[in-house]
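Text of my_file-v7.tsv (TSV, C-alpha atoms) as supplied:
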```
chain	number	residue	atom	x	y	z
A	1	MET	CA	32.17	-154.00	64.80
A	2	ALA	CA	33.07	-153.10	68.36
A	3	ASP	CA	32.91	-149.37	67.51
A	4	THR	CA	29.42	-149.86	66.05
A	5	ASP	CA	28.21	-151.57	69.24
A	6	VAL	CA	29.49	-148.68	71.34
A	7	ARG	CA	27.65	-146.13	69.23
A	8	LEU	CA	24.42	-148.15	69.40
A	9	GLN	CA	24.42	-148.22	73.21
A	10	PRO	CA	22.00	-145.62	74.69
A	11	LYS	CA	23.66	-142.74	76.48
A	12	LYS	CA	23.12	-142.51	80.21
A	13	LYS	CA	21.04	-139.48	81.11
A	14	GLY	CA	21.34	-137.58	84.38
A	15	LEU	CA	18.45	-136.21	86.42
A	16	THR	CA	16.12	-133.80	84.69
A	17	ARG	CA	15.57	-130.30	86.06
A	18	ARG	CA	12.18	-131.30	87.44
A	19	GLN	CA	13.67	-134.29	89.21
A	20	LYS	CA	16.44	-132.13	90.65
A	21	ARG	CA	13.86	-129.64	91.95
A	22	ARG	CA	11.83	-132.42	93.53
A	23	LEU	CA	14.95	-133.90	95.11
A	24	SER	CA	16.00	-130.49	96.47
A	25	ARG	CA	12.50	-129.80	97.80
A	26	GLY	CA	12.37	-133.23	99.42
A	27	ALA	CA	15.74	-132.66	101.09
A	28	GLN	CA	14.52	-129.33	102.48
A	29	TYR	CA	11.40	-130.98	103.91
A	30	VAL	CA	13.54	-133.64	105.55
A	31	VAL	CA	15.88	-131.04	107.12
A	32	PHE	CA	12.93	-128.93	108.33
A	33	THR	CA	11.15	-131.96	109.81
A	34	ALA	CA	14.34	-133.10	111.52
A	35	ALA	CA	14.88	-129.63	113.01
A	36	VAL	CA	11.32	-129.57	114.36
A	37	ILE	CA	11.70	-133.03	115.88
A	38	VAL	CA	15.02	-132.12	117.52
A	39	PHE	CA	13.50	-128.93	118.95
A	40	ALA	CA	10.41	-130.78	120.22
A	41	VAL	CA	12.47	-133.53	121.84
A	42	THR	CA	15.23	-131.43	123.41
A	43	ALA	CA	13.13	-128.49	124.69
A	44	ASP	CA	12.17	-128.53	128.36
A	45	TRP	CA	8.44	-127.95	127.92
A	46	GLY	CA	7.78	-128.14	131.65
A	47	ARG	CA	10.04	-125.21	132.45
A	48	LEU	CA	8.70	-123.23	129.50
A	49	LYS	CA	5.14	-123.79	130.69
A	50	ASN	CA	5.99	-122.71	134.23
A	51	GLN	CA	7.69	-119.54	133.02
A	52	PHE	CA	5.46	-118.46	130.10
A	53	ALA	CA	2.09	-120.20	130.40
A	54	GLN	CA	0.64	-119.70	133.85
A	55	TRP	CA	-3.10	-119.46	133.28
A	56	ASP	CA	-3.82	-117.94	136.71
A	57	ILE	CA	-1.45	-115.05	135.99
A	58	ALA	CA	-2.83	-114.58	132.48
A	59	LYS	CA	-6.40	-114.33	133.80
A	60	GLN	CA	-5.37	-111.50	136.13
A	61	MET	CA	-4.37	-109.39	133.13
A	62	PHE	CA	-7.91	-109.21	131.74
A	63	PRO	CA	-9.64	-106.97	130.93
A	64	ASP	CA	-6.94	-104.33	131.61
A	65	VAL	CA	-4.56	-105.73	128.99
A	66	ILE	CA	-7.25	-104.97	126.37
A	67	THR	CA	-9.10	-101.95	127.77
A	68	LEU	CA	-5.93	-100.16	128.94
A	69	ALA	CA	-2.71	-101.47	127.40
A	70	LEU	CA	-3.95	-102.42	123.94
A	71	LYS	CA	-6.16	-99.34	123.78
A	72	ASN	CA	-3.19	-97.06	124.53
A	73	THR	CA	-1.03	-98.89	122.00
A	74	VAL	CA	-3.66	-98.36	119.31
A	75	LEU	CA	-4.06	-94.68	120.26
A	76	TYR	CA	-0.31	-94.06	120.15
A	77	THR	CA	-0.02	-95.83	116.81
A	78	ALA	CA	-3.03	-94.17	115.20
A	79	SER	CA	-1.99	-90.64	116.20
A	80	GLY	CA	1.60	-91.25	115.08
A	81	PHE	CA	0.44	-92.72	111.78
A	82	VAL	CA	-1.82	-89.76	110.99
A	83	LEU	CA	0.95	-87.28	111.80
A	84	GLY	CA	3.46	-89.30	109.79
A	85	LEU	CA	1.05	-89.53	106.86
A	86	VAL	CA	0.58	-85.77	106.65
A	87	LEU	CA	4.24	-84.94	107.25
A	88	GLY	CA	5.39	-87.68	104.88
A	89	LEU	CA	3.21	-86.33	102.06
A	90	VAL	CA	4.57	-82.81	102.57
A	91	ILE	CA	8.16	-84.08	102.57
A	92	ALA	CA	7.52	-86.17	99.45
A	93	LEU	CA	6.19	-83.11	97.61
A	94	MET	CA	9.23	-81.14	98.77
A	95	ARG	CA	11.47	-83.94	97.50
A	96	LEU	CA	9.82	-83.71	94.07
A	97	SER	CA	9.81	-79.90	94.03
A	98	SER	CA	11.72	-77.95	91.41
A	99	VAL	CA	12.94	-75.63	94.21
A	100	GLY	CA	16.41	-76.75	95.27
A	101	PRO	CA	16.25	-75.86	99.01
A	102	TYR	CA	13.02	-77.83	99.39
A	103	ARG	CA	14.64	-80.92	97.89
A	104	TRP	CA	17.73	-80.54	100.08
A	105	VAL	CA	15.73	-80.13	103.31
A	106	ALA	CA	13.53	-83.12	102.46
A	107	GLY	CA	16.55	-85.24	101.53
A	108	VAL	CA	18.38	-84.40	104.76
A	109	TYR	CA	15.29	-85.15	106.85
A	110	ILE	CA	14.75	-88.53	105.21
A	111	GLU	CA	18.37	-89.59	105.54
A	112	ILE	CA	18.59	-88.56	109.20
A	113	PHE	CA	15.32	-90.03	110.45
A	114	ARG	CA	15.69	-93.24	108.43
A	115	GLY	CA	19.23	-93.67	109.71
A	116	LEU	CA	18.66	-92.99	113.41
A	117	PRO	CA	17.32	-95.79	115.65
A	118	ALA	CA	13.78	-95.12	116.83
A	119	LEU	CA	15.01	-95.41	120.42
A	120	LEU	CA	17.24	-92.33	120.02
A	121	ILE	CA	14.38	-90.31	118.59
A	122	PHE	CA	12.22	-91.02	121.64
A	123	VAL	CA	15.12	-90.21	123.97
A	124	PHE	CA	15.60	-86.91	122.12
A	125	ILE	CA	11.91	-86.02	122.49
A	126	GLY	CA	11.76	-87.04	126.16
A	127	VAL	CA	15.08	-85.54	127.30
A	128	ALA	CA	16.63	-83.15	124.78
A	129	VAL	CA	13.53	-81.11	123.91
A	130	PRO	CA	12.73	-80.13	127.53
A	131	LEU	CA	16.38	-79.20	128.07
A	132	ALA	CA	16.57	-77.15	124.89
A	133	PHE	CA	13.24	-75.38	125.46
A	134	PRO	CA	12.65	-75.05	129.22
A	135	GLY	CA	9.03	-74.70	130.19
A	136	THR	CA	7.80	-75.91	126.80
A	137	GLU	CA	5.11	-78.58	126.93
A	138	ILE	CA	4.14	-80.71	123.96
A	139	ILE	CA	0.38	-80.66	123.45
A	140	GLY	CA	-1.29	-83.84	124.66
A	141	GLY	CA	1.35	-84.82	127.22
A	142	THR	CA	2.58	-88.38	126.77
A	143	TYR	CA	0.10	-89.01	123.97
A	144	GLY	CA	1.36	-85.95	122.11
A	145	LYS	CA	5.00	-86.95	122.61
A	146	ALA	CA	4.26	-90.47	121.42
A	147	ALA	CA	2.46	-89.15	118.34
A	148	LEU	CA	5.38	-86.83	117.61
A	149	GLY	CA	7.98	-89.56	117.98
A	150	LEU	CA	6.13	-92.13	115.91
A	151	GLY	CA	5.16	-89.46	113.38
A	152	LEU	CA	8.75	-88.34	112.87
A	153	ILE	CA	9.84	-91.95	112.41
A	154	GLY	CA	7.01	-92.86	110.05
A	155	ALA	CA	7.21	-89.69	107.98
A	156	ALA	CA	10.73	-90.47	106.76
A	157	TYR	CA	9.61	-93.83	105.37
A	158	MET	CA	6.21	-92.67	104.16
A	159	ALA	CA	7.80	-89.77	102.28
A	160	GLU	CA	9.76	-92.18	100.11
A	161	THR	CA	6.66	-94.36	99.68
A	162	PHE	CA	4.64	-91.31	98.59
A	163	ARG	CA	7.38	-90.21	96.21
A	164	ALA	CA	7.49	-93.63	94.57
A	165	GLY	CA	3.70	-93.70	94.28
A	166	ILE	CA	3.49	-90.23	92.73
A	167	GLN	CA	6.21	-91.07	90.23
A	168	ALA	CA	4.41	-94.32	89.38
A	169	VAL	CA	1.34	-92.42	88.14
A	170	PRO	CA	1.60	-92.07	84.33
A	171	LYS	CA	2.72	-88.60	83.25
A	172	GLY	CA	-0.17	-88.49	80.84
A	173	GLN	CA	-2.52	-88.05	83.80
A	174	LEU	CA	-0.88	-84.77	84.74
A	175	GLU	CA	-0.82	-83.60	81.13
A	176	ALA	CA	-4.51	-84.45	80.74
A	177	ALA	CA	-5.38	-82.50	83.89
A	178	ARG	CA	-3.37	-79.49	82.69
A	179	SER	CA	-5.11	-79.61	79.31
A	180	LEU	CA	-8.44	-79.33	81.15
A	181	GLY	CA	-7.28	-76.10	82.77
A	182	PHE	CA	-6.10	-77.47	86.12
A	183	SER	CA	-3.25	-75.61	87.82
A	184	PRO	CA	-0.19	-77.72	88.72
A	185	ALA	CA	-1.16	-77.70	92.41
A	186	ARG	CA	-4.80	-78.61	91.75
A	187	ALA	CA	-3.79	-81.35	89.31
A	188	MET	CA	-1.47	-82.81	91.94
A	189	VAL	CA	-4.11	-82.73	94.69
A	190	SER	CA	-7.14	-83.78	92.63
A	191	VAL	CA	-5.62	-86.22	90.12
A	192	ILE	CA	-2.12	-87.45	90.97
A	193	ILE	CA	-2.23	-87.91	94.75
A	194	PRO	CA	-5.52	-89.93	94.81
A	195	GLN	CA	-4.09	-92.32	92.21
A	196	ALA	CA	-0.80	-92.53	94.11
A	197	PHE	CA	-2.72	-93.46	97.28
A	198	ARG	CA	-4.26	-96.48	95.57
A	199	ILE	CA	-0.81	-97.61	94.48
A	200	ILE	CA	0.86	-97.24	97.86
A	201	LEU	CA	-1.88	-98.61	100.15
A	202	PRO	CA	-0.07	-101.95	100.76
A	203	PRO	CA	3.28	-100.37	101.75
A	204	LEU	CA	1.45	-97.79	103.88
A	205	THR	CA	-0.22	-100.63	105.76
A	206	ASN	CA	3.23	-102.13	106.33
A	207	GLU	CA	4.31	-98.79	107.77
A	208	LEU	CA	1.33	-98.92	110.12
A	209	ILE	CA	2.43	-102.35	111.35
A	210	MET	CA	5.96	-101.04	111.89
A	211	LEU	CA	4.69	-98.08	113.93
A	212	PHE	CA	2.44	-100.39	115.96
A	213	LYS	CA	5.51	-102.33	117.07
A	214	ASP	CA	7.63	-99.18	117.58
A	215	SER	CA	4.98	-97.87	119.98
A	216	SER	CA	6.66	-100.07	122.62
A	217	LEU	CA	9.33	-97.35	122.86
A	218	VAL	CA	6.82	-94.94	124.42
A	219	LEU	CA	7.95	-96.27	127.81
A	220	LEU	CA	11.11	-94.16	127.37
A	221	LEU	CA	8.95	-91.04	127.77
A	222	GLY	CA	8.07	-91.96	131.35
A	223	VAL	CA	4.44	-93.06	131.31
A	224	THR	CA	1.98	-93.28	134.19
A	225	LEU	CA	0.05	-96.42	135.10
A	226	GLU	CA	-2.90	-95.25	132.99
A	227	GLU	CA	-0.67	-94.45	130.00
A	228	ARG	CA	1.11	-97.82	129.75
A	229	GLU	CA	1.13	-99.60	126.39
A	230	LEU	CA	1.38	-103.35	125.89
A	231	SER	CA	5.14	-103.79	126.37
A	232	LYS	CA	5.31	-101.63	129.49
A	233	TYR	CA	2.20	-103.29	130.92
A	234	GLY	CA	3.61	-106.77	130.31
A	235	ARG	CA	7.03	-105.92	131.75
A	236	ASP	CA	5.55	-104.38	134.90
A	237	LEU	CA	3.40	-107.44	135.61
A	238	ALA	CA	6.29	-109.78	134.79
A	239	SER	CA	8.39	-107.99	137.42
A	240	THR	CA	5.56	-108.11	139.96
A	241	THR	CA	4.77	-111.81	139.46
A	242	ALA	CA	8.36	-112.94	138.78
A	243	ASN	CA	6.98	-114.76	135.74
A	244	SER	CA	7.13	-114.13	131.97
A	245	THR	CA	3.51	-115.03	131.24
A	246	PRO	CA	2.46	-111.34	131.03
A	247	ILE	CA	5.09	-110.75	128.34
A	248	LEU	CA	3.73	-113.66	126.31
A	249	VAL	CA	0.16	-112.38	126.65
A	250	ALA	CA	1.29	-108.90	125.56
A	251	GLY	CA	3.00	-110.45	122.55
A	252	LEU	CA	-0.19	-112.29	121.63
A	253	CYS	CA	-2.07	-108.98	121.80
A	254	TYR	CA	0.38	-107.51	119.30
A	255	LEU	CA	-0.30	-110.45	116.98
A	256	LEU	CA	-4.03	-109.89	117.45
A	257	VAL	CA	-3.57	-106.66	115.48
A	258	THR	CA	-0.58	-107.31	113.21
A	259	ILE	CA	-1.78	-110.64	111.74
A	260	PRO	CA	-5.10	-109.21	110.43
A	261	LEU	CA	-3.23	-106.18	109.08
A	262	GLY	CA	-0.79	-108.49	107.32
A	263	PHE	CA	-3.73	-110.35	105.78
A	264	VAL	CA	-5.16	-107.04	104.56
A	265	VAL	CA	-1.81	-106.17	102.95
A	266	ARG	CA	-1.69	-109.49	101.10
A	267	ARG	CA	-5.25	-109.06	99.85
A	268	MET	CA	-4.53	-105.55	98.58
A	269	GLU	CA	-1.36	-106.71	96.85
A	270	ALA	CA	-3.27	-109.57	95.20
A	271	LYS	CA	-5.97	-107.19	93.96
A	272	ALA	CA	-3.32	-104.80	92.63
A	273	GLN	CA	-1.67	-107.64	90.69
A	274	GLU	CA	-5.05	-108.70	89.27
A	275	ALA	CA	-5.71	-105.13	88.17
A	276	VAL	CA	-2.37	-105.02	86.35
A	277	LYS	CA	-3.17	-108.27	84.52
```
Once more with this new file: its structure as structure tokens, please.
Amino acid sequence: MADTDVRLQPKKKGLTRRQKRRLSRGAQYVVFTAAVIVFAVTADWGRLKNQFAQWDIAKQMFPDVITLALKNTVLYTASGFVLGLVLGLVIALMRLSSVGPYRWVAGVYIEIFRGLPALLIFVFIGVAVPLAFPGTEIIGGTYGKAALGLGLIGAAYMAETFRAGIQAVPKGQLEAARSLGFSPARAMVSVIIPQAFRIILPPLTNELIMLFKDSSLVLLLGVTLEERELSKYGRDLASTTANSTPILVAGLCYLLVTIPLGFVVRRMEAKAQEAVK
């Protein structure tokens, strides 16, 4: 009789998976909220405001921070991106070539320029090139050197992005183009590469954001007052005013460009996922 009563008793059930997820999510919210409260209570907001949020100093930066510093940053980035785009496409095609030396050269280039810090590349362009080739001037002065440095950096990453995009295009597209009488080169240029571009637009935009931030290294080339980009402009004013407000304003100018670009990337990725569905 006792054994029967034991069997008739309902078994105790633990938490379901949904309940465990809710409990875990709730615990994370609690930890995050606690961290925010601790930060808000312990931070010395008065000192932060005095050091980073002086409105009088910020007003002095306008309009030069936009018409000079941000403009130069955009010019450096745009020229480097265009050079990197062209060079990256060439290297990607070399990487996919059936000719061994082309593949080896492209592979070595990608490994070297992806592995080296961007800072060393700018130091090499600003110091090593003039020493190795005395009297040689890079076209465009500082703007040309900046484009070269950013282009060399971006090309290594864009080459791999291009390669992945080209390989993602269905092989049937190339076969169809060849059946219509296209040569391999014309089929690549007219059929494969345009389709690859549509595939790789989001990662290419990410590369643009990366180059926009790397443009801060242009200061290593020795720029004039009229050639300063955002970081150099902010640092110079911070030294002059003995206050970090110019650095904060420069950082906000970076976000003025990178946040919209990030939104564009997310929209393109969402459209690409909808197209796949």
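Distance annotation: of A:Arg186, A:Lys20, A:Arg114, A:Lys145, the residue with the minimal separation from A:Val129 is A:Lys145; atom set is all atoms listed in the file.
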Counting all atoms listed in the file, select every polymer residue within 12 Å of (-1.1, -107.8, 108.6) as defined in the file's coordinates, and provide the selection as a short mmCIF file (atom, residue, chain, number, x, y, z; two decimals) with C-alpha atoms, keeping the file's coordinate frame.
```
data_model
loop_
_atom_site.label_atom_id
_atom_site.label_comp_id
_atom_site.auth_asym_id
_atom_site.auth_seq_id
_atom_site.Cartn_x
_atom_site.Cartn_y
_atom_site.Cartn_z
CA PRO A 202 -0.07 -101.95 100.76
CA PRO A 203 3.28 -100.37 101.75
CA LEU A 204 1.45 -97.79 103.88
CA THR A 205 -0.22 -100.63 105.76
CA ASN A 206 3.23 -102.13 106.33
CA GLU A 207 4.31 -98.79 107.77
CA LEU A 208 1.33 -98.92 110.12
CA ILE A 209 2.43 -102.35 111.35
CA MET A 210 5.96 -101.04 111.89
CA PHE A 212 2.44 -100.39 115.96
CA TYR A 254 0.38 -107.51 119.30
CA LEU A 255 -0.30 -110.45 116.98
CA LEU A 256 -4.03 -109.89 117.45
CA VAL A 257 -3.57 -106.66 115.48
CA THR A 258 -0.58 -107.31 113.21
CA ILE A 259 -1.78 -110.64 111.74
CA PRO A 260 -5.10 -109.21 110.43
CA LEU A 261 -3.23 -106.18 109.08
CA GLY A 262 -0.79 -108.49 107.32
CA PHE A 263 -3.73 -110.35 105.78
CA VAL A 264 -5.16 -107.04 104.56
CA VAL A 265 -1.81 -106.17 102.95
CA ARG A 266 -1.69 -109.49 101.10
CA ARG A 267 -5.25 -109.06 99.85
CA MET A 268 -4.53 -105.55 98.58
CA GLU A 269 -1.36 -106.71 96.85
#
```
Expressed in Å, the length from atom CA of A:Ala196 to atom CA of A:Phe162 is 7.2 Å
Between atom CA of A:Tyr76 and atom CA of A:Ala147, what is the spacing in Å?
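So the answer is 5.9 Å.
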Surrounding residues of stretch 166-169 of chain A excluding itself and chain neighbours under 6 positions, 7 Å, all atoms listed in the file, as an MDAnalysis selection string: chainID A and resid 192:193 195:196
Q) Quick one: residues within 12 Å of A:Gln60, all atoms listed in the file counted, chain neighbours fewer than 3 positions away excluded, as JSON, numbers by chain? A) {"A": [54, 55, 56, 57, 63, 64, 65, 66, 234, 237, 238, 241, 245, 246, 249]}
### Task
May I have the residues at most 10 Å from (6.2, -94.9, 101.5) in the file's coordinates, counting all atoms listed in the file, as JSON, numbers by chain?
{"A": [85, 88, 89, 92, 154, 155, 156, 157, 158, 159, 160, 161, 162, 163, 164, 165, 197, 200, 201, 202, 203, 204, 205, 206, 207]}
Write a file of the just-selected residues containing C-alpha atoms, as an mmCIF file, in the coordinates of the input.
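Generated output (part36.cif):
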```
data_model
loop_
_atom_site.group_PDB
_atom_site.id
_atom_site.type_symbol
_atom_site.label_atom_id
_atom_site.label_comp_id
_atom_site.auth_asym_id
_atom_site.auth_seq_id
_atom_site.Cartn_x
_atom_site.Cartn_y
_atom_site.Cartn_z
ATOM 1 C CA LEU A 85 1.050 -89.530 106.860
ATOM 2 C CA GLY A 88 5.390 -87.680 104.880
ATOM 3 C CA LEU A 89 3.210 -86.330 102.060
ATOM 4 C CA ALA A 92 7.520 -86.170 99.450
ATOM 5 C CA GLY A 154 7.010 -92.860 110.050
ATOM 6 C CA ALA A 155 7.210 -89.690 107.980
ATOM 7 C CA ALA A 156 10.730 -90.470 106.760
ATOM 8 C CA TYR A 157 9.610 -93.830 105.370
ATOM 9 C CA MET A 158 6.210 -92.670 104.160
ATOM 10 C CA ALA A 159 7.800 -89.770 102.280
ATOM 11 C CA GLU A 160 9.760 -92.180 100.110
ATOM 12 C CA THR A 161 6.660 -94.360 99.680
ATOM 13 C CA PHE A 162 4.640 -91.310 98.590
ATOM 14 C CA ARG A 163 7.380 -90.210 96.210
ATOM 15 C CA ALA A 164 7.490 -93.630 94.570
ATOM 16 C CA GLY A 165 3.700 -93.700 94.280
ATOM 17 C CA PHE A 197 -2.720 -93.460 97.280
ATOM 18 C CA ILE A 200 0.860 -97.240 97.860
ATOM 19 C CA LEU A 201 -1.880 -98.610 100.150
ATOM 20 C CA PRO A 202 -0.070 -101.950 100.760
ATOM 21 C CA PRO A 203 3.280 -100.370 101.750
ATOM 22 C CA LEU A 204 1.450 -97.790 103.880
ATOM 23 C CA THR A 205 -0.220 -100.630 105.760
ATOM 24 C CA ASN A 206 3.230 -102.130 106.330
ATOM 25 C CA GLU A 207 4.310 -98.790 107.770
#
```
inquiry  = Excluding A:Thr67 and its own-chain neighbours fewer than 4 positions away, which residues fall within 12 Å of it when counting all atoms listed in the file? Please give them as a list in words.
reply    = Met61, Phe62, Pro63, Lys71, Asn72, Thr73, Val74, Leu75, Glu226, Glu227, Arg228, Glu229, Leu230, Tyr233 and Cys253 of chain A
